[in-house]
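J.: Here you go, this is structure_15.cif (mmCIF, C-alpha atoms).
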```
data_input
#
loop_
_atom_site.label_atom_id
_atom_site.label_comp_id
_atom_site.auth_asym_id
_atom_site.auth_seq_id
_atom_site.Cartn_x
_atom_site.Cartn_y
_atom_site.Cartn_z
CA MET A 1 0.29 -13.66 11.28
CA LYS A 2 3.25 -13.25 8.98
CA ARG A 3 2.32 -11.93 5.53
CA ARG A 4 3.98 -13.18 2.38
CA LYS A 5 6.55 -10.72 1.06
CA THR A 6 5.55 -9.17 -2.25
CA ARG A 7 6.40 -6.30 -4.52
CA GLN A 8 4.30 -3.20 -4.06
CA ILE A 9 2.28 -1.48 -6.77
CA GLN A 10 0.04 1.60 -6.75
CA VAL A 11 -3.55 1.76 -7.97
CA GLY A 12 -4.06 5.49 -7.84
CA ALA A 13 -3.50 6.48 -4.21
CA VAL A 14 -3.95 2.91 -2.95
CA ALA A 15 -0.80 0.85 -2.35
CA ILE A 16 -1.11 -2.91 -2.89
CA GLY A 17 1.41 -5.46 -1.67
CA GLY A 18 4.51 -5.01 0.44
CA ASP A 19 3.47 -3.84 3.89
CA ALA A 20 0.38 -1.96 2.67
CA PRO A 21 -2.96 -2.77 4.33
CA ILE A 22 -5.05 -5.35 2.51
CA SER A 23 -7.45 -3.39 0.31
CA ILE A 24 -11.10 -4.12 -0.46
CA GLN A 25 -12.35 -4.07 -4.02
CA SER A 26 -15.72 -4.45 -5.69
CA MET A 27 -17.19 -4.21 -9.18
CA THR A 28 -20.17 -2.23 -10.40
CA ASN A 29 -23.12 -4.13 -11.86
CA THR A 30 -24.62 -1.09 -13.56
CA ASP A 31 -24.31 -0.44 -17.28
CA THR A 32 -21.06 1.55 -17.43
CA ARG A 33 -22.56 3.62 -20.23
CA ASP A 34 -25.16 4.86 -17.73
CA VAL A 35 -22.91 7.39 -16.00
CA ALA A 36 -25.42 8.57 -13.39
CA ALA A 37 -26.28 5.05 -12.22
CA THR A 38 -22.64 3.97 -12.16
CA VAL A 39 -21.46 7.01 -10.21
CA ALA A 40 -24.32 6.62 -7.73
CA GLN A 41 -23.40 3.00 -7.10
CA ILE A 42 -19.69 3.78 -6.69
CA LYS A 43 -20.52 6.51 -4.16
CA ARG A 44 -22.48 3.95 -2.14
CA LEU A 45 -19.48 1.62 -2.33
CA GLU A 46 -17.19 4.43 -1.15
CA GLU A 47 -19.45 5.12 1.82
CA ALA A 48 -19.44 1.43 2.74
CA GLY A 49 -15.63 1.34 2.83
CA CYS A 50 -14.62 0.17 -0.65
CA ASP A 51 -11.00 1.06 -1.54
CA ILE A 52 -10.93 0.29 -5.29
CA VAL A 53 -13.73 -0.27 -7.80
CA ARG A 54 -13.79 -1.99 -11.18
CA CYS A 55 -16.24 -1.56 -14.02
CA ALA A 56 -16.78 -3.44 -17.25
CA VAL A 57 -15.83 -1.59 -20.45
CA PRO A 58 -17.59 -3.55 -23.19
CA ASP A 59 -17.39 -1.09 -26.07
CA ARG A 60 -16.41 2.39 -27.24
CA GLU A 61 -19.44 3.92 -25.57
CA GLY A 62 -18.23 2.50 -22.26
CA VAL A 63 -14.82 4.10 -22.82
CA GLU A 64 -16.44 7.46 -23.53
CA ALA A 65 -18.32 7.27 -20.21
CA LEU A 66 -15.15 6.80 -18.13
CA PRO A 67 -14.02 10.46 -17.83
CA ARG A 68 -17.44 11.49 -16.54
CA ILE A 69 -17.48 8.58 -14.07
CA LEU A 70 -14.02 9.50 -12.82
CA GLU A 71 -15.12 13.09 -12.23
CA GLY A 72 -17.85 11.91 -9.85
CA ILE A 73 -15.93 9.45 -7.66
CA LYS A 74 -13.05 9.49 -5.17
CA ILE A 75 -11.65 5.94 -5.17
CA PRO A 76 -9.46 4.49 -7.95
CA LEU A 77 -11.23 3.01 -10.96
CA ILE A 78 -10.08 -0.14 -12.77
CA ALA A 79 -11.28 -0.83 -16.32
CA ASP A 80 -12.19 -4.46 -17.06
CA ILE A 81 -11.18 -5.20 -20.65
CA HIS A 82 -11.60 -8.29 -22.80
CA PHE A 83 -10.41 -9.00 -26.35
CA ASP A 84 -10.19 -5.45 -27.79
CA TYR A 85 -6.87 -3.68 -27.13
CA ARG A 86 -8.36 -0.39 -28.37
CA LEU A 87 -10.68 -0.34 -25.36
CA ALA A 88 -7.66 -0.65 -23.08
CA LEU A 89 -5.91 2.25 -24.83
CA GLY A 90 -9.07 4.33 -24.59
CA ALA A 91 -9.49 3.55 -20.88
CA ILE A 92 -5.88 4.57 -20.19
CA ALA A 93 -6.38 7.82 -22.08
CA ALA A 94 -9.60 8.42 -20.10
CA GLY A 95 -7.62 8.37 -16.86
CA VAL A 96 -8.39 5.04 -15.17
CA GLN A 97 -5.97 3.99 -12.45
CA GLY A 98 -5.76 0.31 -13.38
CA LEU A 99 -6.58 -2.34 -15.98
CA ARG A 100 -7.88 -5.84 -15.60
CA LEU A 101 -6.98 -7.75 -18.76
CA ASN A 102 -5.13 -10.83 -19.93
CA PRO A 103 -2.53 -9.87 -22.53
CA GLY A 104 -2.91 -13.22 -24.26
CA ASN A 105 -6.45 -12.45 -25.40
CA ILE A 106 -6.25 -8.86 -26.67
CA GLY A 107 -4.38 -9.55 -29.92
CA GLY A 108 -0.84 -10.08 -31.14
CA GLN A 109 2.47 -8.80 -29.85
CA GLU A 110 2.19 -5.38 -31.47
CA ARG A 111 -1.20 -4.69 -29.85
CA VAL A 112 -0.07 -5.89 -26.44
CA GLN A 113 3.01 -3.69 -26.71
CA LYS A 114 0.90 -0.61 -27.42
CA VAL A 115 -1.18 -1.25 -24.29
CA VAL A 116 1.87 -1.93 -22.13
CA GLN A 117 3.64 1.21 -23.33
CA ALA A 118 0.58 3.33 -22.63
CA ALA A 119 0.10 1.78 -19.17
CA ALA A 120 3.77 2.16 -18.27
CA ALA A 121 3.79 5.80 -19.35
CA ARG A 122 1.06 6.56 -16.80
CA ASP A 123 2.18 4.11 -14.07
CA ILE A 124 -1.01 2.10 -14.47
CA PRO A 125 -0.87 -1.47 -13.14
CA ILE A 126 -2.43 -4.47 -14.85
CA ARG A 127 -4.22 -7.30 -13.08
CA ILE A 128 -4.00 -10.66 -14.76
CA GLY A 129 -7.13 -12.59 -13.89
CA VAL A 130 -7.41 -16.32 -14.52
CA ASN A 131 -10.72 -18.10 -13.91
CA GLY A 132 -11.25 -21.83 -13.70
CA GLY A 133 -14.16 -21.56 -16.12
CA SER A 134 -12.26 -19.80 -18.89
CA LEU A 135 -8.92 -21.55 -19.21
CA GLU A 136 -7.17 -21.66 -22.58
CA LYS A 137 -8.10 -24.62 -24.77
CA GLU A 138 -4.55 -25.98 -24.89
CA LEU A 139 -4.32 -26.03 -21.08
CA LEU A 140 -7.62 -27.88 -20.78
CA GLU A 141 -6.32 -30.41 -23.29
CA LYS A 142 -3.04 -30.72 -21.36
CA TYR A 143 -4.54 -31.12 -17.89
CA GLY A 144 -7.98 -32.53 -18.77
CA HIS A 145 -9.85 -30.04 -16.55
CA PRO A 146 -9.09 -26.97 -14.44
CA THR A 147 -6.37 -27.88 -11.94
CA PRO A 148 -4.18 -25.72 -9.71
CA GLU A 149 -1.27 -26.35 -12.06
CA ALA A 150 -3.36 -25.30 -15.08
CA LEU A 151 -4.47 -22.05 -13.44
CA VAL A 152 -0.93 -21.17 -12.40
CA GLU A 153 0.50 -22.03 -15.82
CA SER A 154 -2.10 -19.80 -17.46
CA ALA A 155 -1.32 -16.89 -15.13
CA MET A 156 2.44 -17.20 -15.51
CA GLY A 157 2.07 -17.36 -19.27
CA HIS A 158 0.31 -13.98 -19.25
CA VAL A 159 2.91 -12.65 -16.80
CA GLY A 160 5.65 -13.76 -19.17
CA ILE A 161 4.15 -11.73 -22.01
CA LEU A 162 4.30 -8.58 -19.88
CA GLU A 163 7.74 -9.30 -18.45
CA ASN A 164 9.13 -9.78 -21.96
CA LEU A 165 8.04 -6.19 -22.57
CA HIS A 166 9.89 -5.08 -19.41
CA TYR A 167 6.65 -4.37 -17.57
CA ASN A 168 6.21 -5.51 -13.97
CA MET A 169 3.41 -3.43 -12.43
CA ILE A 170 1.38 -6.60 -12.12
CA LYS A 171 -1.02 -8.25 -9.71
CA ILE A 172 -2.56 -11.67 -10.24
CA SER A 173 -5.80 -13.45 -9.39
CA LEU A 174 -6.65 -17.15 -9.73
CA LYS A 175 -10.37 -17.52 -9.16
CA SER A 176 -12.60 -20.55 -9.03
CA SER A 177 -16.00 -21.41 -7.59
CA SER A 178 -14.32 -24.47 -6.04
CA ILE A 179 -12.71 -23.59 -2.71
CA PRO A 180 -10.22 -26.50 -2.68
CA LEU A 181 -9.11 -25.61 -6.23
CA MET A 182 -8.81 -21.92 -5.42
CA LEU A 183 -6.80 -22.57 -2.27
CA ALA A 184 -4.40 -24.99 -3.93
CA ALA A 185 -3.88 -22.68 -6.93
CA TYR A 186 -3.07 -19.60 -4.84
CA ARG A 187 -0.72 -21.57 -2.60
CA LEU A 188 1.13 -22.88 -5.64
CA LEU A 189 1.30 -19.44 -7.23
CA ALA A 190 2.58 -17.87 -4.00
CA GLU A 191 5.59 -20.19 -4.18
CA LYS A 192 6.41 -19.17 -7.76
CA THR A 193 6.19 -15.38 -7.77
CA ASP A 194 6.39 -12.32 -5.54
CA TYR A 195 3.77 -10.28 -7.40
CA PRO A 196 0.87 -9.12 -5.19
CA LEU A 197 -2.17 -11.37 -5.26
CA HIS A 198 -5.83 -10.41 -5.55
CA LEU A 199 -8.02 -12.97 -3.75
CA GLY A 200 -11.56 -13.96 -4.60
CA VAL A 201 -14.00 -16.82 -5.06
CA THR A 202 -15.68 -16.39 -8.42
CA GLU A 203 -19.38 -17.13 -8.85
CA ALA A 204 -19.65 -17.57 -5.08
CA GLY A 205 -23.43 -17.21 -5.09
CA THR A 206 -26.04 -15.14 -3.33
CA LEU A 207 -25.51 -13.21 -0.09
CA LYS A 208 -25.75 -16.03 2.43
CA LYS A 209 -24.03 -18.86 0.56
CA GLY A 210 -21.56 -16.60 -1.21
CA SER A 211 -20.50 -14.95 2.04
CA ILE A 212 -19.73 -18.34 3.59
CA LYS A 213 -17.74 -19.57 0.58
CA SER A 214 -15.81 -16.29 0.37
CA ALA A 215 -15.05 -16.23 4.08
CA VAL A 216 -13.72 -19.79 3.95
CA GLY A 217 -11.64 -19.34 0.78
CA ILE A 218 -10.36 -15.81 1.24
CA GLY A 219 -10.05 -16.15 5.01
CA ALA A 220 -8.01 -19.35 4.83
CA LEU A 221 -5.42 -17.76 2.54
CA LEU A 222 -5.25 -14.51 4.50
CA ALA A 223 -4.68 -16.52 7.68
CA GLU A 224 -1.65 -18.06 5.94
CA GLY A 225 -0.32 -14.62 5.01
CA ILE A 226 -1.31 -14.92 1.34
CA GLY A 227 -3.21 -12.07 -0.31
CA ASP A 228 -2.84 -8.33 -0.78
CA THR A 229 -6.27 -7.24 -1.96
CA ILE A 230 -9.66 -8.98 -1.92
CA ARG A 231 -13.02 -8.97 -3.61
CA VAL A 232 -16.06 -10.84 -2.31
CA SER A 233 -18.13 -11.72 -5.40
CA LEU A 234 -21.85 -11.92 -4.62
CA THR A 235 -24.96 -12.10 -6.77
CA GLY A 236 -26.72 -8.93 -5.67
CA ASP A 237 -26.00 -5.41 -4.52
CA PRO A 238 -22.20 -4.97 -4.58
CA VAL A 239 -22.38 -2.87 -1.41
CA GLU A 240 -23.04 -6.16 0.43
CA GLU A 241 -19.63 -7.34 -0.80
CA ILE A 242 -17.95 -4.57 1.17
CA PHE A 243 -19.67 -5.48 4.43
CA VAL A 244 -18.59 -9.12 4.06
CA ALA A 245 -15.02 -8.21 3.06
CA ARG A 246 -14.66 -5.88 6.03
CA GLU A 247 -15.86 -8.60 8.38
CA ILE A 248 -13.39 -11.11 6.95
CA LEU A 249 -10.51 -8.68 7.51
CA ARG A 250 -11.72 -7.63 10.96
CA THR A 251 -12.21 -11.22 12.07
CA LEU A 252 -8.56 -11.92 11.26
CA ASP A 253 -7.41 -8.68 12.95
CA LEU A 254 -6.22 -7.39 9.57
CA ARG A 255 -8.37 -4.29 9.99
CA LYS A 256 -9.12 -2.64 13.27
CA GLU A 257 -11.53 0.13 12.31
CA GLY A 258 -15.28 -0.37 12.22
CA ILE A 259 -17.89 -2.01 14.39
CA GLU A 260 -17.39 -5.47 15.87
CA PHE A 261 -20.90 -6.83 16.52
CA ILE A 262 -21.36 -9.60 19.10
CA SER A 263 -24.63 -11.35 19.91
CA CYS A 264 -25.40 -14.53 21.83
CA PRO A 265 -27.17 -17.50 20.19
CA THR A 266 -30.11 -17.38 22.69
CA CYS A 267 -31.24 -20.19 24.97
CA GLY A 268 -34.14 -21.13 27.23
CA ARG A 269 -33.18 -18.41 29.71
CA THR A 270 -33.78 -15.60 27.21
CA GLN A 271 -36.84 -13.51 28.09
CA ILE A 272 -36.70 -10.88 25.33
CA ASP A 273 -37.05 -11.30 21.57
CA LEU A 274 -33.28 -11.30 21.16
CA ILE A 275 -33.26 -12.61 17.58
CA ALA A 276 -35.36 -9.70 16.33
CA ILE A 277 -33.39 -7.20 18.42
CA ALA A 278 -30.03 -8.49 17.18
CA GLU A 279 -31.21 -8.38 13.55
CA GLN A 280 -32.46 -4.80 13.95
CA VAL A 281 -29.20 -3.69 15.56
CA GLU A 282 -27.07 -5.41 12.90
CA GLU A 283 -29.08 -3.84 10.09
CA SER A 284 -28.85 -0.40 11.69
CA LEU A 285 -25.08 -0.72 12.11
CA LYS A 286 -24.52 -1.82 8.52
CA GLY A 287 -24.47 1.66 7.08
CA MET A 288 -22.04 3.07 9.65
CA HIS A 289 -18.49 3.38 8.34
CA VAL A 290 -16.50 4.08 11.49
CA PRO A 291 -12.79 5.00 11.17
CA PHE A 292 -11.94 3.58 14.61
CA PRO A 293 -12.74 0.26 16.33
CA ILE A 294 -15.77 -0.16 18.58
CA THR A 295 -17.52 -3.26 19.91
CA VAL A 296 -21.28 -3.63 20.27
CA ALA A 297 -22.78 -6.58 22.20
CA VAL A 298 -26.40 -7.73 22.26
CA MET A 299 -26.86 -10.39 24.94
CA GLY A 300 -29.96 -12.23 26.06
CA CYS A 301 -29.82 -13.19 29.71
CA VAL A 302 -28.30 -12.64 33.14
CA VAL A 303 -25.72 -15.45 32.93
CA ASN A 304 -23.18 -14.08 30.42
CA GLY A 305 -25.08 -11.03 29.27
CA PRO A 306 -24.00 -8.32 31.72
CA GLY A 307 -20.35 -9.42 31.62
CA GLU A 308 -20.14 -9.46 27.83
CA ALA A 309 -22.11 -6.23 27.46
CA ARG A 310 -19.94 -4.52 30.09
CA GLU A 311 -16.74 -5.43 28.20
CA ALA A 312 -18.08 -3.90 24.96
CA ASP A 313 -18.09 -0.21 24.11
CA PHE A 314 -21.89 -0.47 23.95
CA GLY A 315 -24.14 -3.32 24.93
CA ILE A 316 -27.55 -4.61 25.80
CA ALA A 317 -28.13 -7.28 28.46
CA GLY A 318 -31.65 -8.67 28.38
CA GLY A 319 -33.96 -9.38 31.30
CA LYS A 320 -37.69 -10.11 31.48
CA GLY A 321 -39.27 -7.94 28.80
CA ALA A 322 -36.59 -5.31 29.40
CA GLY A 323 -32.86 -4.80 29.24
CA LEU A 324 -29.89 -2.87 30.55
CA LEU A 325 -28.04 -0.49 28.24
CA PHE A 326 -24.29 -0.33 28.83
CA LYS A 327 -21.74 2.22 27.69
CA LYS A 328 -18.02 1.70 28.38
CA GLY A 329 -18.73 -0.80 31.16
CA GLU A 330 -21.36 1.28 32.94
CA VAL A 331 -25.13 0.80 33.02
CA ILE A 332 -26.67 3.98 31.68
CA LYS A 333 -30.33 2.97 31.38
CA LYS A 334 -32.84 0.23 32.06
CA LEU A 335 -35.40 0.20 29.26
CA PRO A 336 -38.45 -1.74 28.10
CA GLU A 337 -37.73 -4.24 25.35
CA ASP A 338 -39.34 -2.12 22.61
CA GLN A 339 -37.02 0.85 23.34
CA LEU A 340 -33.69 -0.96 23.50
CA VAL A 341 -32.70 -0.86 19.83
CA GLN A 342 -33.53 2.80 19.31
CA ALA A 343 -31.66 3.84 22.46
CA LEU A 344 -28.60 1.71 21.65
CA ILE A 345 -28.30 3.02 18.08
CA ALA A 346 -28.75 6.62 19.26
CA GLU A 347 -25.87 6.24 21.73
CA ILE A 348 -23.62 4.68 19.09
CA ARG A 349 -24.39 7.38 16.51
CA HIS A 350 -23.69 10.13 19.01
CA PHE A 351 -20.41 8.48 19.98
CA CYS A 352 -19.32 8.07 16.34
CA GLN A 353 -20.28 11.61 15.38
CA GLU A 354 -18.08 12.97 18.15
CA GLY A 355 -15.20 10.77 16.96
CA HIS A 356 -14.40 9.37 20.39
CA ARG A 357 -12.44 6.20 20.92
#
```
Could you show the structure in this file as structure tokens?
T.:
Amino acid sequence: MKRRKTRQIQVGAVAIGGDAPISIQSMTNTDTRDVAATVAQIKRLEEAGCDIVRCAVPDREGVEALPRILEGIKIPLIADIHFDYRLALGAIAAGVQGLRLNPGNIGGQERVQKVVQAAAARDIPIRIGVNGGSLEKELLEKYGHPTPEALVESAMGHVGILENLHYNMIKISLKSSSIPLMLAAYRLLAEKTDYPLHLGVTEAGTLKKGSIKSAVGIGALLAEGIGDTIRVSLTGDPVEEIFVAREILRTLDLRKEGIEFISCPTCGRTQIDLIAIAEQVEESLKGMHVPFPITVAVMGCVVNGPGEAREADFGIAGGKGAGLLFKKGEVIKKLPEDQLVQALIAEIRHFCQEGHR
């Protein structure tokens, strides 16, 4: 697919836009003032494959926690700021690699200018984030309700404030819980500007429903070449967001590394408990962050099973209460049903530890 051409910005060591890989972001749900809990969660996000993390900075205490958080993590940290420009200045001084704020709601021109000057001096980009649920009153009066045009007008208004101060290290997000609204807004924005775009479906929901909504919304835009960085917003453990985001990118061939997991839907020919086996394998694979691509197949019967499993790097093909374990197209073991998962995961772990392709 052909990606939309955009400017490129840097969030710490991570390039966004241009020809840079699409990055995965998440946000902590710990109290930022609790340094130990926040660092622990970010480390889990790092291990899962998160590229950039954001945390809320609600007050001065949150600002004071930032240097200690930064000391304990490896990936870039973005400070989420609302209303108080002094928190933005404090976050910049603390060493964050990015800001998420809307310049129109942190005070007058003089305050915005102070933040922009401080950000520019340290090459810190700013993400403008517009949400359908928090549009400016005058835009709601103008359009009657959140529309694509209203979201884009809001975003470009904030962009204009920064551009008037000769600042252009900008990325933009237009989020909504409505997929049709989100899609239309991003498409319209993509026609009007070449700033990199951060994709997401806000308030998407819990793991199952939110994953579906995010895959549809984010995936549709990525398939059109729109989007430079993504965040899957789920109600729950943010580490789950990384797994879903990685799968969206891998499904569209926008990321190659990691484990592609294939399993058949089962049918009347299946003679092993394939559903339970597939769930156990998927759960065991979740925590593996593999820097190269491998495919794992769990198949239930003799019709398609051996062929699919043989084409994968690792696979199981089920029989009657037993199954064949494949590695790189070759049968390496025939095992009872209750030993298949353990043997498959052991082979995969050994392969990944050795770093083979």
J.: Using the chain letters and numbers from the file, which residues does the PyMOL selection byres ((chain A and resi 313) around 8) grab, as a PyMOL selection string?
T.: chain A and resi 294-296+309-312+314-315+326-329
J.: I need the residue set behind the PyMOL selection byres ((chain A and resi 4) around 7) for this file; please write it as a list in words.
T.: Lys2, Arg3, Lys5, Thr6, Gly225 and Ile226 of chain A
J.: To one decimal place in Å, what is the distance between atom CA of A:Thr38 and atom CA of A:Thr235?
T.: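 So the answer is 17.1 Å.
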J.: Just say which residues the PyMOL selection byres ((chain A and resi 151) around 9) picks in this file, as JSON, numbers by chain.
T.: {"A": [130, 131, 132, 135, 139, 146, 147, 148, 149, 150, 152, 153, 154, 155, 156, 174, 175, 185, 189]}
J.: If I put a ball of radius 10 Å at (-16.3, 2.6, 0.8) in the file's coordinates, which residues poke into it when counting all atoms listed in the file, written as a VMD selection string?
T.: chain A and resid 24 to 26 42 to 53 74 to 75 239 242 to 243 289
J.: Between atom CA of A:His158 and atom CA of A:Arg60, what is the distance, to one decimal in Å?
T.: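 Computed distance, atom CA of A:His158 to atom CA of A:Arg60, equals 24.7 Å.
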